[in-house]
Amino acid sequence: MSKKQQAAEAIVRILVAAGKASPSPPVGPALGARGVKSMDFCKQFNDKTKHIAVETPIPTVITIKPDRTFTFITKTPPTTFLLKRAAGISKGASKPGTEIVGKVSLKHVYEIAKIKQSDASLQHLSLESICGSIIGVARSVGIQVVA
(Lines give C-alpha, C1' and ligand atoms only; values in the text may rest on other atoms or scores of the structure.)
Protein backbone atom coordinates (compact mmCIF):
# COMPACT_ATOMS: atom_id res chain seq x y z
CA MET A 1 0.00 0.00 0.00
CA SER A 2 1.44 3.38 -0.96
CA LYS A 3 1.72 6.30 1.45
CA LYS A 4 -0.94 8.17 -0.52
CA GLN A 5 -3.46 5.34 -0.02
CA GLN A 6 -2.68 5.10 3.70
CA ALA A 7 -3.19 8.83 4.18
CA ALA A 8 -6.56 8.73 2.42
CA GLU A 9 -7.91 5.94 4.62
CA ALA A 10 -9.75 7.11 7.71
CA ILE A 11 -9.96 5.07 10.90
CA VAL A 12 -12.90 5.59 13.23
CA ARG A 13 -12.99 4.04 16.71
CA ILE A 14 -16.38 3.87 18.40
CA LEU A 15 -18.08 1.96 21.21
CA VAL A 16 -21.42 0.54 20.07
CA ALA A 17 -23.91 -1.62 21.98
CA ALA A 18 -24.18 -5.12 20.48
CA GLY A 19 -27.15 -5.44 18.14
CA LYS A 20 -28.15 -1.83 18.77
CA ALA A 21 -26.22 0.12 16.10
CA SER A 22 -28.39 2.88 14.64
CA PRO A 23 -27.75 5.99 12.56
CA SER A 24 -28.06 8.11 15.71
CA PRO A 25 -24.91 9.20 17.64
CA PRO A 26 -22.19 7.96 17.92
CA VAL A 27 -22.45 6.00 14.65
CA GLY A 28 -24.29 8.43 12.35
CA PRO A 29 -22.15 11.57 12.88
CA ALA A 30 -18.87 9.60 12.89
CA LEU A 31 -19.58 7.93 9.55
CA GLY A 32 -21.70 10.65 7.93
CA ALA A 33 -18.89 13.18 8.29
CA ARG A 34 -16.76 10.86 6.14
CA GLY A 35 -19.43 10.24 3.50
CA VAL A 36 -20.32 6.68 4.52
CA LYS A 37 -23.94 5.53 4.70
CA SER A 38 -24.39 4.71 8.36
CA MET A 39 -27.33 2.37 7.66
CA ASP A 40 -25.01 0.03 5.72
CA PHE A 41 -22.66 -0.17 8.70
CA CYS A 42 -25.54 -0.61 11.16
CA LYS A 43 -26.99 -3.58 9.25
CA GLN A 44 -23.60 -5.33 9.02
CA PHE A 45 -22.67 -4.57 12.64
CA ASN A 46 -26.02 -5.73 14.07
CA ASP A 47 -25.81 -8.92 12.00
CA LYS A 48 -22.25 -9.61 13.19
CA THR A 49 -23.11 -8.98 16.88
CA LYS A 50 -26.53 -10.66 17.07
CA HIS A 51 -25.06 -13.60 19.06
CA ILE A 52 -23.78 -11.25 21.81
CA ALA A 53 -25.99 -10.16 24.72
CA VAL A 54 -27.86 -6.97 23.78
CA GLU A 55 -26.49 -3.73 25.27
CA THR A 56 -22.96 -5.18 25.64
CA PRO A 57 -20.59 -2.39 24.57
CA ILE A 58 -18.41 -3.49 21.64
CA PRO A 59 -15.30 -1.48 20.73
CA THR A 60 -15.28 -1.21 16.94
CA VAL A 61 -12.58 -0.01 14.55
CA ILE A 62 -13.92 1.11 11.16
CA THR A 63 -11.51 1.65 8.27
CA ILE A 64 -12.99 3.92 5.61
CA LYS A 65 -11.40 3.75 2.17
CA PRO A 66 -11.17 6.71 -0.25
CA ASP A 67 -14.07 5.32 -2.35
CA ARG A 68 -16.26 5.48 0.81
CA THR A 69 -16.38 1.73 1.26
CA PHE A 70 -15.50 0.44 4.70
CA THR A 71 -14.39 -2.55 6.67
CA PHE A 72 -14.65 -2.97 10.42
CA ILE A 73 -13.40 -5.20 13.18
CA THR A 74 -15.05 -5.73 16.52
CA LYS A 75 -13.14 -6.32 19.72
CA THR A 76 -14.15 -7.88 23.03
CA PRO A 77 -16.13 -5.76 25.52
CA PRO A 78 -14.10 -3.47 27.81
CA THR A 79 -12.53 -5.19 30.83
CA THR A 80 -14.35 -2.85 33.23
CA PHE A 81 -17.71 -3.84 31.72
CA LEU A 82 -16.93 -7.57 32.11
CA LEU A 83 -15.70 -7.09 35.69
CA LYS A 84 -18.74 -5.06 36.73
CA ARG A 85 -21.06 -7.66 35.19
CA ALA A 86 -19.21 -10.49 36.99
CA ALA A 87 -19.38 -8.59 40.30
CA GLY A 88 -23.06 -7.76 39.76
CA ILE A 89 -22.58 -4.00 40.11
CA SER A 90 -23.66 -1.14 37.87
CA LYS A 91 -20.80 1.29 38.53
CA GLY A 92 -17.33 1.32 39.97
CA ALA A 93 -16.09 2.90 43.19
CA SER A 94 -16.06 6.68 43.53
CA LYS A 95 -12.84 6.34 45.58
CA PRO A 96 -10.93 3.37 44.11
CA GLY A 97 -8.24 2.02 46.39
CA THR A 98 -10.15 2.85 49.56
CA GLU A 99 -13.67 1.77 48.64
CA ILE A 100 -14.71 -1.76 47.62
CA VAL A 101 -17.99 -2.00 45.72
CA GLY A 102 -17.91 -5.64 44.67
CA LYS A 103 -16.02 -8.92 44.61
CA VAL A 104 -15.04 -11.36 41.88
CA SER A 105 -13.34 -14.73 42.18
CA LEU A 106 -10.13 -15.78 40.46
CA LYS A 107 -12.35 -17.99 38.29
CA HIS A 108 -14.15 -14.86 37.03
CA VAL A 109 -10.78 -13.24 36.28
CA TYR A 110 -9.69 -16.36 34.37
CA GLU A 111 -12.95 -16.44 32.34
CA ILE A 112 -12.58 -12.73 31.47
CA ALA A 113 -8.94 -13.34 30.46
CA LYS A 114 -10.05 -16.14 28.11
CA ILE A 115 -12.55 -13.74 26.50
CA LYS A 116 -9.96 -10.94 26.20
CA GLN A 117 -7.34 -13.30 24.74
CA SER A 118 -9.35 -13.49 21.50
CA ASP A 119 -8.52 -9.82 20.80
CA ALA A 120 -5.82 -9.56 18.14
CA SER A 121 -3.89 -7.05 20.27
CA LEU A 122 -3.66 -9.49 23.20
CA GLN A 123 -3.07 -12.81 21.43
CA HIS A 124 0.70 -12.68 21.95
CA LEU A 125 0.28 -12.42 25.74
CA SER A 126 0.02 -15.36 28.12
CA LEU A 127 -3.21 -15.99 29.99
CA GLU A 128 -1.35 -15.25 33.26
CA SER A 129 -0.27 -11.78 32.13
CA ILE A 130 -3.78 -10.96 30.91
CA CYS A 131 -5.12 -12.11 34.32
CA GLY A 132 -2.61 -9.81 36.01
CA SER A 133 -3.79 -6.79 34.04
CA ILE A 134 -7.45 -7.69 34.75
CA ILE A 135 -6.69 -7.82 38.50
CA GLY A 136 -5.12 -4.36 38.16
CA VAL A 137 -8.21 -3.03 36.39
CA ALA A 138 -10.41 -4.60 39.09
CA ARG A 139 -8.45 -2.71 41.77
CA SER A 140 -8.81 0.56 39.89
CA VAL A 141 -12.60 0.08 39.67
CA GLY A 142 -12.95 -0.86 43.35
CA ILE A 143 -13.56 -4.58 42.85
CA GLN A 144 -11.81 -7.01 45.18
CA VAL A 145 -10.47 -10.26 43.72
CA VAL A 146 -10.93 -13.17 46.12
CA ALA A 147 -9.51 -16.70 45.88
# chains A, B, ... in the order shown; residues from 1 in each chain; ligands from 1
>>> residues_around(residues="A:Phe81", least_positions_apart="3", cutoff="10 Å", atoms="only C-alpha atoms", output="MDAnalysis selection string")
chainID A and resid 56:57 77:78 84:87 89:92
>>> residues_around(residues="A:Gly88", least_positions_apart="4", cutoff="12 Å", atoms="only C-alpha atoms", output="list in words")
Thr80, Phe81, Leu82, Leu83, Lys84, Gly92, Val101, Gly102, Lys103, Val104, His108 and Ile143 of chain A
>>> residues_around(residues="stretch 65-75 of chain A", least_positions_apart="4", cutoff="12 Å", atoms="only C-alpha atoms", output="ChimeraX atom specification")
/A:4-18,31-38,40-42,44-46,48-49,52,56-61,79,115-122
>>> write_last_selection(atoms="N, CA and C atoms", output="CSV table (one decimal), in the first residue's frame")
chain,number,residue,atom,x,y,z
A,4,LYS,N,0.2,7.4,-0.1
A,4,LYS,CA,-0.9,8.2,-0.5
A,4,LYS,C,-2.2,7.4,-0.1
A,5,GLN,N,-2.3,6.1,-0.4
A,5,GLN,CA,-3.5,5.3,0.0
A,5,GLN,C,-3.7,5.3,1.5
A,6,GLN,N,-2.6,5.1,2.2
A,6,GLN,CA,-2.7,5.1,3.7
A,6,GLN,C,-3.2,6.4,4.2
A,7,ALA,N,-2.8,7.5,3.7
A,7,ALA,CA,-3.2,8.8,4.2
A,7,ALA,C,-4.7,9.1,3.9
A,8,ALA,N,-5.2,8.5,2.8
A,8,ALA,CA,-6.6,8.7,2.4
A,8,ALA,C,-7.5,7.9,3.2
A,9,GLU,N,-7.0,6.8,3.8
A,9,GLU,CA,-7.9,5.9,4.6
A,9,GLU,C,-8.2,6.6,6.0
A,10,ALA,N,-9.4,6.5,6.4
A,10,ALA,CA,-9.8,7.1,7.7
A,10,ALA,C,-10.1,6.0,8.7
A,11,ILE,N,-9.7,6.1,9.9
A,11,ILE,CA,-10.0,5.1,10.9
A,11,ILE,C,-10.8,5.7,12.0
A,12,VAL,N,-12.0,5.1,12.2
A,12,VAL,CA,-12.9,5.6,13.2
A,12,VAL,C,-13.0,4.5,14.3
A,13,ARG,N,-12.8,5.0,15.6
A,13,ARG,CA,-13.0,4.0,16.7
A,13,ARG,C,-14.2,4.5,17.5
A,14,ILE,N,-15.2,3.6,17.6
A,14,ILE,CA,-16.4,3.9,18.4
A,14,ILE,C,-16.8,2.7,19.3
A,15,LEU,N,-17.6,3.0,20.3
A,15,LEU,CA,-18.1,2.0,21.2
A,15,LEU,C,-19.6,1.9,20.9
A,16,VAL,N,-20.0,0.7,20.4
A,16,VAL,CA,-21.4,0.5,20.1
A,16,VAL,C,-22.0,-0.6,20.8
A,17,ALA,N,-23.2,-0.5,21.3
A,17,ALA,CA,-23.9,-1.6,22.0
A,17,ALA,C,-24.2,-2.7,21.0
A,18,ALA,N,-24.0,-4.0,21.4
A,18,ALA,CA,-24.2,-5.1,20.5
A,18,ALA,C,-25.6,-5.2,20.0
A,31,LEU,N,-19.7,8.4,10.9
A,31,LEU,CA,-19.6,7.9,9.5
A,31,LEU,C,-20.1,8.9,8.5
A,32,GLY,N,-21.1,9.7,8.9
A,32,GLY,CA,-21.7,10.6,7.9
A,32,GLY,C,-20.7,11.7,7.6
A,33,ALA,N,-19.9,12.1,8.5
A,33,ALA,CA,-18.9,13.2,8.3
A,33,ALA,C,-17.9,12.7,7.3
A,34,ARG,N,-17.7,11.4,7.1
A,34,ARG,CA,-16.8,10.9,6.1
A,34,ARG,C,-17.4,10.3,4.9
A,35,GLY,N,-18.7,10.6,4.7
A,35,GLY,CA,-19.4,10.2,3.5
A,35,GLY,C,-19.8,8.8,3.4
A,36,VAL,N,-19.9,8.1,4.5
A,36,VAL,CA,-20.3,6.7,4.5
A,36,VAL,C,-21.8,6.6,5.0
A,37,LYS,N,-22.5,5.7,4.3
A,37,LYS,CA,-23.9,5.5,4.7
A,37,LYS,C,-24.0,4.7,6.0
A,38,SER,N,-24.4,5.4,7.1
A,38,SER,CA,-24.4,4.7,8.4
A,38,SER,C,-25.3,3.5,8.4
A,40,ASP,N,-25.7,1.2,6.2
A,40,ASP,CA,-25.0,0.0,5.7
A,40,ASP,C,-24.2,-0.6,6.8
A,41,PHE,N,-23.5,0.3,7.6
A,41,PHE,CA,-22.7,-0.2,8.7
A,41,PHE,C,-23.6,-0.8,9.8
A,42,CYS,N,-24.7,-0.1,10.1
A,42,CYS,CA,-25.5,-0.6,11.2
A,42,CYS,C,-26.1,-2.0,10.9
A,44,GLN,N,-24.7,-4.4,8.9
A,44,GLN,CA,-23.6,-5.3,9.0
A,44,GLN,C,-23.2,-5.6,10.5
A,45,PHE,N,-23.1,-4.5,11.2
A,45,PHE,CA,-22.7,-4.6,12.6
A,45,PHE,C,-23.7,-5.4,13.4
A,46,ASN,N,-25.0,-5.0,13.3
A,46,ASN,CA,-26.0,-5.7,14.1
A,46,ASN,C,-26.1,-7.2,13.7
A,48,LYS,N,-23.5,-9.0,12.7
A,48,LYS,CA,-22.2,-9.6,13.2
A,48,LYS,C,-22.3,-9.8,14.7
A,49,THR,N,-23.1,-8.9,15.4
A,49,THR,CA,-23.1,-9.0,16.9
A,49,THR,C,-24.4,-9.6,17.4
A,52,ILE,N,-24.3,-11.8,20.6
A,52,ILE,CA,-23.8,-11.3,21.8
A,52,ILE,C,-25.0,-10.7,22.6
A,56,THR,N,-24.4,-5.0,25.3
A,56,THR,CA,-23.0,-5.2,25.6
A,56,THR,C,-22.2,-4.2,24.8
A,57,PRO,N,-21.4,-3.3,25.4
A,57,PRO,CA,-20.6,-2.4,24.6
A,57,PRO,C,-19.5,-3.1,23.8
A,58,ILE,N,-19.4,-2.9,22.5
A,58,ILE,CA,-18.4,-3.5,21.6
A,58,ILE,C,-17.5,-2.4,21.0
A,59,PRO,N,-16.2,-2.4,21.4
A,59,PRO,CA,-15.3,-1.5,20.7
A,59,PRO,C,-15.2,-1.9,19.3
A,60,THR,N,-15.3,-0.9,18.4
A,60,THR,CA,-15.3,-1.2,16.9
A,60,THR,C,-14.3,-0.3,16.2
A,61,VAL,N,-13.5,-0.8,15.3
A,61,VAL,CA,-12.6,0.0,14.5
A,61,VAL,C,-13.0,-0.1,13.1
A,79,THR,N,-12.8,-4.4,29.6
A,79,THR,CA,-12.5,-5.2,30.8
A,79,THR,C,-13.4,-4.7,32.0
A,115,ILE,N,-11.8,-14.6,27.5
A,115,ILE,CA,-12.6,-13.7,26.5
A,115,ILE,C,-11.6,-12.7,25.9
A,116,LYS,N,-10.8,-12.0,26.7
A,116,LYS,CA,-10.0,-10.9,26.2
A,116,LYS,C,-8.8,-11.5,25.3
A,117,GLN,N,-8.4,-12.7,25.5
A,117,GLN,CA,-7.3,-13.3,24.7
A,117,GLN,C,-7.7,-13.4,23.3
A,118,SER,N,-9.0,-13.4,22.9
A,118,SER,CA,-9.4,-13.5,21.5
A,118,SER,C,-9.1,-12.2,20.7
A,119,ASP,N,-8.9,-11.1,21.5
A,119,ASP,CA,-8.5,-9.8,20.8
A,119,ASP,C,-7.2,-10.0,20.1
A,120,ALA,N,-7.1,-9.5,18.9
A,120,ALA,CA,-5.8,-9.6,18.1
A,120,ALA,C,-4.7,-8.9,18.9
A,121,SER,N,-4.9,-7.8,19.6
A,121,SER,CA,-3.9,-7.0,20.3
A,121,SER,C,-3.4,-7.8,21.5
A,122,LEU,N,-4.1,-8.8,22.0
A,122,LEU,CA,-3.7,-9.5,23.2
A,122,LEU,C,-3.3,-10.9,22.9
>>> select_by_dssp(residues="stretch 29-111 of chain A", states="helix (DSSP H, G or I)", output="JSON, numbers by chain")
{"A": [29, 30, 31, 32, 38, 39, 40, 41, 42, 43, 44, 45, 46, 47, 48, 79, 80, 81, 82, 83, 84, 85, 86, 87, 106, 107, 108, 109, 110, 111]}
>>> write_last_selection(atoms="N, CA and C atoms", output="tab-separated table (two decimals), in the first residue's frame")
chain	number	residue	atom	x	y	z
A	29	PRO	N	-23.07	10.44	13.10
A	29	PRO	CA	-22.15	11.57	12.88
A	29	PRO	C	-20.73	11.14	12.52
A	30	ALA	N	-20.24	10.05	13.15
A	30	ALA	CA	-18.87	9.60	12.89
A	30	ALA	C	-18.70	9.14	11.45
A	31	LEU	N	-19.68	8.44	10.92
A	31	LEU	CA	-19.58	7.93	9.55
A	31	LEU	C	-20.07	8.94	8.51
A	32	GLY	N	-21.14	9.66	8.85
A	32	GLY	CA	-21.70	10.65	7.93
A	32	GLY	C	-20.71	11.73	7.57
A	38	SER	N	-24.42	5.36	7.06
A	38	SER	CA	-24.39	4.71	8.36
A	38	SER	C	-25.33	3.51	8.43
A	39	MET	N	-26.39	3.50	7.64
A	39	MET	CA	-27.33	2.37	7.66
A	39	MET	C	-26.64	1.09	7.20
A	40	ASP	N	-25.75	1.21	6.20
A	40	ASP	CA	-25.01	0.03	5.72
A	40	ASP	C	-24.18	-0.57	6.84
A	41	PHE	N	-23.47	0.30	7.57
A	41	PHE	CA	-22.66	-0.17	8.70
A	41	PHE	C	-23.55	-0.80	9.77
A	42	CYS	N	-24.65	-0.12	10.10
A	42	CYS	CA	-25.54	-0.61	11.16
A	42	CYS	C	-26.06	-2.01	10.87
A	43	LYS	N	-26.47	-2.25	9.62
A	43	LYS	CA	-26.99	-3.58	9.25
A	43	LYS	C	-25.90	-4.64	9.43
A	44	GLN	N	-24.69	-4.36	8.91
A	44	GLN	CA	-23.60	-5.33	9.02
A	44	GLN	C	-23.19	-5.56	10.47
A	45	PHE	N	-23.09	-4.47	11.24
A	45	PHE	CA	-22.67	-4.57	12.64
A	45	PHE	C	-23.70	-5.37	13.45
A	46	ASN	N	-24.97	-5.03	13.30
A	46	ASN	CA	-26.02	-5.73	14.07
A	46	ASN	C	-26.07	-7.21	13.70
A	47	ASP	N	-25.83	-7.53	12.42
A	47	ASP	CA	-25.81	-8.92	12.00
A	47	ASP	C	-24.62	-9.65	12.62
A	48	LYS	N	-23.47	-8.99	12.66
A	48	LYS	CA	-22.25	-9.61	13.19
A	48	LYS	C	-22.32	-9.79	14.72
A	79	THR	N	-12.78	-4.41	29.62
A	79	THR	CA	-12.53	-5.19	30.83
A	79	THR	C	-13.39	-4.70	31.99
A	80	THR	N	-13.54	-3.38	32.13
A	80	THR	CA	-14.35	-2.85	33.23
A	80	THR	C	-15.79	-3.32	33.13
A	81	PHE	N	-16.34	-3.37	31.91
A	81	PHE	CA	-17.71	-3.84	31.72
A	81	PHE	C	-17.84	-5.29	32.18
A	82	LEU	N	-16.88	-6.14	31.75
A	82	LEU	CA	-16.93	-7.57	32.11
A	82	LEU	C	-16.77	-7.76	33.61
A	83	LEU	N	-15.89	-6.98	34.23
A	83	LEU	CA	-15.70	-7.09	35.69
A	83	LEU	C	-16.95	-6.66	36.45
A	84	LYS	N	-17.54	-5.54	36.04
A	84	LYS	CA	-18.74	-5.06	36.73
A	84	LYS	C	-19.88	-6.05	36.59
A	85	ARG	N	-20.01	-6.66	35.40
A	85	ARG	CA	-21.06	-7.66	35.19
A	85	ARG	C	-20.81	-8.88	36.07
A	86	ALA	N	-19.54	-9.33	36.17
A	86	ALA	CA	-19.21	-10.49	36.99
A	86	ALA	C	-19.45	-10.20	38.47
A	87	ALA	N	-19.19	-8.96	38.90
A	87	ALA	CA	-19.38	-8.59	40.30
A	87	ALA	C	-20.84	-8.25	40.61
A	106	LEU	N	-11.20	-15.56	41.43
A	106	LEU	CA	-10.13	-15.78	40.46
A	106	LEU	C	-10.68	-16.51	39.22
A	107	LYS	N	-11.73	-17.30	39.42
A	107	LYS	CA	-12.35	-17.99	38.29
A	107	LYS	C	-12.95	-16.97	37.32
A	108	HIS	N	-13.60	-15.93	37.88
A	108	HIS	CA	-14.15	-14.86	37.03
A	108	HIS	C	-13.03	-14.20	36.24
A	109	VAL	N	-11.92	-13.90	36.92
A	109	VAL	CA	-10.78	-13.24	36.28
A	109	VAL	C	-10.26	-14.12	35.13
A	110	TYR	N	-10.16	-15.42	35.38
A	110	TYR	CA	-9.69	-16.36	34.37
A	110	TYR	C	-10.63	-16.39	33.16
A	111	GLU	N	-11.95	-16.42	33.43
A	111	GLU	CA	-12.95	-16.44	32.34
A	111	GLU	C	-12.86	-15.16	31.52
>>> atom_distance(atom1="atom CA of A:Ile112", atom2="atom CA of A:Cys131")
8.0 Å
>>> select_by_dssp(residues="chain A", states="strand (DSSP E)", output="list in words")
Ala10, Ile11, Val12, Arg13, Ile14, Leu15, Val16, Ala17, Pro57, Ile58, Pro59, Thr60, Val61, Ile62, Thr63, Ile64, Phe70, Thr71, Phe72, Ile73, Thr74, Gly102, Lys103, Val104, Ser105, Ile143, Gln144, Val145 and Val146 of chain A
>>> residues_around(residues="A:Val141", least_positions_apart="2", cutoff="7 Å", atoms="only C-alpha atoms", output="PyMOL selection string")
chain A and resi 92-93+96+137-139+143
>>> atom_distance(atom1="atom CA of A:Lys114", atom2="atom CA of A:Thr63")
26.7 Å
>>> closest_residue(among="A:Lys95, A:Val27, A:Ser22, A:Leu125", to="A:Ile62", atoms="only C-alpha atoms")
A:Val27
>>> closest_residue(among="A:Gly142, A:Ala113, A:Gly28, A:Glu55", to="A:Ile130", atoms="only C-alpha atoms")
A:Ala113
>>> decode(residues="stretch 35-60 of chain A", atoms="N, CA, C and O atoms", output="PDB file, in the first residue's frame")
ATOM      1  N   GLY A  35     -18.719  10.613   4.717  1.00  0.00           N
ATOM      2  CA  GLY A  35     -19.425  10.238   3.500  1.00  0.00           C
ATOM      3  C   GLY A  35     -19.844   8.788   3.400  1.00  0.00           C
ATOM      4  O   GLY A  35     -20.106   8.285   2.313  1.00  0.00           O
ATOM      5  N   VAL A  36     -19.921   8.093   4.531  1.00  0.00           N
ATOM      6  CA  VAL A  36     -20.323   6.676   4.522  1.00  0.00           C
ATOM      7  C   VAL A  36     -21.781   6.582   4.968  1.00  0.00           C
ATOM      8  O   VAL A  36     -22.199   7.264   5.898  1.00  0.00           O
ATOM      9  N   LYS A  37     -22.539   5.727   4.304  1.00  0.00           N
ATOM     10  CA  LYS A  37     -23.938   5.525   4.696  1.00  0.00           C
ATOM     11  C   LYS A  37     -23.953   4.739   6.000  1.00  0.00           C
ATOM     12  O   LYS A  37     -23.563   3.573   6.046  1.00  0.00           O
ATOM     13  N   SER A  38     -24.415   5.356   7.056  1.00  0.00           N
ATOM     14  CA  SER A  38     -24.386   4.712   8.364  1.00  0.00           C
ATOM     15  C   SER A  38     -25.327   3.507   8.433  1.00  0.00           C
ATOM     16  O   SER A  38     -25.080   2.567   9.174  1.00  0.00           O
ATOM     17  N   MET A  39     -26.388   3.498   7.640  1.00  0.00           N
ATOM     18  CA  MET A  39     -27.327   2.371   7.662  1.00  0.00           C
ATOM     19  C   MET A  39     -26.639   1.088   7.200  1.00  0.00           C
ATOM     20  O   MET A  39     -26.906   0.011   7.736  1.00  0.00           O
ATOM     21  N   ASP A  40     -25.745   1.207   6.196  1.00  0.00           N
ATOM     22  CA  ASP A  40     -25.014   0.025   5.716  1.00  0.00           C
ATOM     23  C   ASP A  40     -24.181  -0.574   6.844  1.00  0.00           C
ATOM     24  O   ASP A  40     -24.164  -1.787   7.054  1.00  0.00           O
ATOM     25  N   PHE A  41     -23.470   0.299   7.570  1.00  0.00           N
ATOM     26  CA  PHE A  41     -22.660  -0.174   8.703  1.00  0.00           C
ATOM     27  C   PHE A  41     -23.554  -0.798   9.768  1.00  0.00           C
ATOM     28  O   PHE A  41     -23.250  -1.873  10.287  1.00  0.00           O
ATOM     29  N   CYS A  42     -24.650  -0.123  10.100  1.00  0.00           N
ATOM     30  CA  CYS A  42     -25.540  -0.608  11.165  1.00  0.00           C
ATOM     31  C   CYS A  42     -26.057  -2.014  10.871  1.00  0.00           C
ATOM     32  O   CYS A  42     -26.063  -2.870  11.753  1.00  0.00           O
ATOM     33  N   LYS A  43     -26.475  -2.253   9.621  1.00  0.00           N
ATOM     34  CA  LYS A  43     -26.987  -3.582   9.254  1.00  0.00           C
ATOM     35  C   LYS A  43     -25.900  -4.642   9.429  1.00  0.00           C
ATOM     36  O   LYS A  43     -26.142  -5.696  10.013  1.00  0.00           O
ATOM     37  N   GLN A  44     -24.693  -4.358   8.915  1.00  0.00           N
ATOM     38  CA  GLN A  44     -23.600  -5.330   9.015  1.00  0.00           C
ATOM     39  C   GLN A  44     -23.188  -5.556  10.473  1.00  0.00           C
ATOM     40  O   GLN A  44     -22.966  -6.686  10.899  1.00  0.00           O
ATOM     41  N   PHE A  45     -23.088  -4.469  11.238  1.00  0.00           N
ATOM     42  CA  PHE A  45     -22.672  -4.568  12.643  1.00  0.00           C
ATOM     43  C   PHE A  45     -23.697  -5.366  13.449  1.00  0.00           C
ATOM     44  O   PHE A  45     -23.330  -6.269  14.202  1.00  0.00           O
ATOM     45  N   ASN A  46     -24.972  -5.033  13.304  1.00  0.00           N
ATOM     46  CA  ASN A  46     -26.018  -5.731  14.068  1.00  0.00           C
ATOM     47  C   ASN A  46     -26.067  -7.206  13.705  1.00  0.00           C
ATOM     48  O   ASN A  46     -26.281  -8.062  14.561  1.00  0.00           O
ATOM     49  N   ASP A  47     -25.826  -7.528  12.425  1.00  0.00           N
ATOM     50  CA  ASP A  47     -25.810  -8.923  11.999  1.00  0.00           C
ATOM     51  C   ASP A  47     -24.616  -9.653  12.625  1.00  0.00           C
ATOM     52  O   ASP A  47     -24.745 -10.786  13.087  1.00  0.00           O
ATOM     53  N   LYS A  48     -23.467  -8.988  12.660  1.00  0.00           N
ATOM     54  CA  LYS A  48     -22.248  -9.614  13.194  1.00  0.00           C
ATOM     55  C   LYS A  48     -22.323  -9.792  14.715  1.00  0.00           C
ATOM     56  O   LYS A  48     -21.702 -10.700  15.271  1.00  0.00           O
ATOM     57  N   THR A  49     -23.066  -8.936  15.412  1.00  0.00           N
ATOM     58  CA  THR A  49     -23.110  -8.984  16.881  1.00  0.00           C
ATOM     59  C   THR A  49     -24.415  -9.555  17.429  1.00  0.00           C
ATOM     60  O   THR A  49     -24.660  -9.455  18.630  1.00  0.00           O
ATOM     61  N   LYS A  50     -25.237 -10.169  16.582  1.00  0.00           N
ATOM     62  CA  LYS A  50     -26.532 -10.659  17.070  1.00  0.00           C
ATOM     63  C   LYS A  50     -26.404 -11.785  18.094  1.00  0.00           C
ATOM     64  O   LYS A  50     -27.304 -12.007  18.885  1.00  0.00           O
ATOM     65  N   HIS A  51     -25.259 -12.499  18.104  1.00  0.00           N
ATOM     66  CA  HIS A  51     -25.060 -13.601  19.055  1.00  0.00           C
ATOM     67  C   HIS A  51     -24.596 -13.108  20.433  1.00  0.00           C
ATOM     68  O   HIS A  51     -24.556 -13.873  21.383  1.00  0.00           O
ATOM     69  N   ILE A  52     -24.274 -11.820  20.553  1.00  0.00           N
ATOM     70  CA  ILE A  52     -23.784 -11.252  21.814  1.00  0.00           C
ATOM     71  C   ILE A  52     -24.959 -10.652  22.572  1.00  0.00           C
ATOM     72  O   ILE A  52     -25.894 -10.121  21.964  1.00  0.00           O
ATOM     73  N   ALA A  53     -24.911 -10.717  23.900  1.00  0.00           N
ATOM     74  CA  ALA A  53     -25.988 -10.163  24.724  1.00  0.00           C
ATOM     75  C   ALA A  53     -26.229  -8.689  24.359  1.00  0.00           C
ATOM     76  O   ALA A  53     -25.287  -7.908  24.244  1.00  0.00           O
ATOM     77  N   VAL A  54     -27.488  -8.338  24.160  1.00  0.00           N
ATOM     78  CA  VAL A  54     -27.856  -6.971  23.778  1.00  0.00           C
ATOM     79  C   VAL A  54     -27.365  -5.983  24.849  1.00  0.00           C
ATOM     80  O   VAL A  54     -27.345  -6.304  26.037  1.00  0.00           O
ATOM     81  N   GLU A  55     -26.988  -4.808  24.418  1.00  0.00           N
ATOM     82  CA  GLU A  55     -26.485  -3.728  25.269  1.00  0.00           C
ATOM     83  C   GLU A  55     -25.032  -3.921  25.716  1.00  0.00           C
ATOM     84  O   GLU A  55     -24.515  -3.102  26.447  1.00  0.00           O
ATOM     85  N   THR A  56     -24.374  -5.006  25.314  1.00  0.00           N
ATOM     86  CA  THR A  56     -22.958  -5.181  25.641  1.00  0.00           C
ATOM     87  C   THR A  56     -22.156  -4.214  24.776  1.00  0.00           C
ATOM     88  O   THR A  56     -22.273  -4.249  23.551  1.00  0.00           O
ATOM     89  N   PRO A  57     -21.354  -3.335  25.384  1.00  0.00           N
ATOM     90  CA  PRO A  57     -20.585  -2.388  24.570  1.00  0.00           C
ATOM     91  C   PRO A  57     -19.472  -3.108  23.798  1.00  0.00           C
ATOM     92  O   PRO A  57     -18.722  -3.888  24.373  1.00  0.00           O
ATOM     93  N   ILE A  58     -19.401  -2.851  22.503  1.00  0.00           N
ATOM     94  CA  ILE A  58     -18.415  -3.494  21.638  1.00  0.00           C
ATOM     95  C   ILE A  58     -17.514  -2.423  21.017  1.00  0.00           C
ATOM     96  O   ILE A  58     -17.981  -1.620  20.205  1.00  0.00           O
ATOM     97  N   PRO A  59     -16.222  -2.402  21.395  1.00  0.00           N
ATOM     98  CA  PRO A  59     -15.301  -1.477  20.725  1.00  0.00           C
ATOM     99  C   PRO A  59     -15.159  -1.890  19.258  1.00  0.00           C
ATOM    100  O   PRO A  59     -14.950  -3.064  18.960  1.00  0.00           O
ATOM    101  N   THR A  60     -15.306  -0.932  18.369  1.00  0.00           N
ATOM    102  CA  THR A  60     -15.283  -1.214  16.942  1.00  0.00           C
ATOM    103  C   THR A  60     -14.319  -0.273  16.240  1.00  0.00           C
ATOM    104  O   THR A  60     -14.311   0.924  16.517  1.00  0.00           O
TER     105      THR A  60
END
